[in-house]
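A.B. asks: I'd like to ask some things about the structure below.
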2 protein chains.
Amino acid sequence: MQVDRMPQPMQPRAARTREVLLRAAAEVFAEVGYTRASLVKIIERAGLTTGAVYFHFKSKEGLARAVIHEQAADVEFPQGEPGLQHLIDITTHLAVELQQNTLLRAGVRLAVEQNEVDLQEYEIYRWWAERFKEELAAARLKGQLLPSVDETAFASLLVAAYTGTQIMSQLATQRADLPGRILSLWQCLLPALAPANAIAQLTIPVPGSAGQGGA
Amino acid sequence: MQVDRMPQPMQPRAARTREVLLRAAAEVFAEVGYTRASLVKIIERAGLTTGAVYFHFKSKEGLARAVIHEQAADVEFPQGEPGLQHLIDITTHLAVELQQNTLLRAGVRLAVEQNEVDLQEYEIYRWWAERFKEELAAARLKGQLLPSVDETAFASLLVAAYTGTQIMSQLATQRADLPGRILSLWQCLLPALAPANAIAQLTIPVPGSAGQGGA
């Protein structure tokens, strides 16, 4: 996904250079954060010339914004029909991805710590809320939601709760307990979202069991 | 509150110096964040000598940790009997405080962005969860909770959701819409927490109305 900021089509070689650069930047940002990352270090990591880099990005800030916007580009979202089960599967999958997917880890880290460097990038939070809302809208059509549920408000709450949960998990255990915390999040939230008979038909994957995406 | 790290009793004058210093640090951290804050700037702001400062704190990091731990020291928590209404009142009050209470703003900012500077302070998140859990335990005794609710898990979710909500509100509107977002959070969460007859007896303050603490 590219959050409405997909660059114009480019030549395959230029596109490949950009990919390499974006991932080198993600590695460095994920390791040391924004302040301690330097453009020189990123260029070195990418094994590119300075000229090739400046064709795509003018600054560390530009690279950071691209990493934030394209944080989910390497996530292979779980297959499945949209609805509550799919929403649970996506959030469970993301908990594992946040332990190992460098672009996602870097993008989430920058999105959380961006205030420190005044990036003011709210769009990515809106993007996730929109994505979750689509699943809730599908759940509504399937009769999986309680009549009282406001899909827009709930999607926004879910993004907020997920954001805070991963911050706490990062501090407490370097995200080792994140899948368990997401399980607990759903156990708390589901009674506000769905009637008991719909909940009974859902599978909330228990961390460490089969189907956890090989984590 | 001091999160289990209350310093030993000190002479009144030394204690006053520490207070002045902590609030000067909070001002600077709230304005520019950790990286761009300097010990020199904080000492200047406090109008103290370097010696007076080093008696209390050896480094910017030490000051930042104190601001994180003591973030709620200037919050006048709403009166009231513990329980669901009190919990709602506390979170609503905090939304207004986060717009104007410098020590709280700085402490929350540092707690969120601390990964950028490796402070690894999880304790403050645990402290808030403990505080919310006490209210939920009181709510349980009053018969305000659904039997299914796990107070520990829900308190932790509430801290996570609050943390994420204030980050999003900060990015979207510099926290101008935070009281509205907290109202929305409760509208989403309450059906998972309390039976309908208990919800019917609660007052969720609407932002901008009377009783909003003068915000």
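Naming works like this for the structure tokens: A, B, ... for the chains as they're shown, residue 1 at the start of each chain, ligands 1 onward in shown order.
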Might you pull out every residue within 12 Å of Arg105 (chain A), with only C-alpha atoms counted and same-chain residues fewer than 5 positions away left off, and present them as a ChimeraX atom specification?

C.D. replies: /A:23,25-33,67-68,70-75,94-100,110-112,166-167,170,174-175

A.B. asks: Which polymer residues have any atom within 9 Å of an atom of Gln85 (chain A), counting only C-alpha atoms, with same-chain residues fewer than 5 positions away left out, as number ranges by chain?

C.D. replies: A: 80, 90, 135, 139, 201-204

A.B. asks: Please identify all polymer residues within 10 Å of Phe55 (chain A), counting only C-alpha atoms, omitting same-chain residues fewer than 6 positions from it, and present them as a list in words.

C.D. replies: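 Listing them by chain and then by number gives Ala14, Thr17 and Arg18 of chain A.
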
A.B. asks: Keeping N, CA and C atoms for every residue in the selection just given, could you write it to a file as a compact mmCIF listing (two decimals), in the first residue's frame?

C.D. replies:
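Generated file (result_21.txt):
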# COMPACT_ATOMS: atom_id res chain seq x y z
N ALA A 14 15.06 2.62 -12.19
CA ALA A 14 14.88 3.68 -11.19
C ALA A 14 13.98 3.18 -10.06
N THR A 17 15.98 0.96 -7.81
CA THR A 17 16.87 1.76 -6.97
C THR A 17 16.11 2.34 -5.78
N ARG A 18 14.91 2.83 -6.06
CA ARG A 18 14.09 3.41 -5.00
C ARG A 18 13.74 2.35 -3.94

A.B. asks: Using only C-alpha atoms and a cut-off of 6 Å, which residues of chain B sit close to chain A? Please list them as a ChimeraX atom specification.

C.D. replies: /B:33,113,116,120,122,160-161,163-165,171-172,191-192

A.B. asks: Separation of CA of Phe77 (chain B) and CA of Glu61 (chain B), in Å?

C.D. replies: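 Computed distance, CA of Phe77 (chain B) to CA of Glu61 (chain B), equals 27.8 Å.
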
A.B. asks: What does the distance between CA of Ala46 (chain A) and CA of Leu21 (chain A) come to in Å, to one decimal place?

C.D. replies: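 Going from CA of Ala46 (chain A) over to CA of Leu21 (chain A) covers 5.5 Å.
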
A.B. asks: So what do you get for CA of Ala64 (chain A) versus CA of Ala129 (chain A), distance-wise?

C.D. replies: 21.0 Å

A.B. asks: Could you pull out all residues of chain B with a DSSP call of helix (DSSP H, G or I) and give them as a ChimeraX atom specification?

C.D. replies: /B:12-36,39-46,50-56,60-69,84-100,102-117,123-141,151-173,178-193,196-200
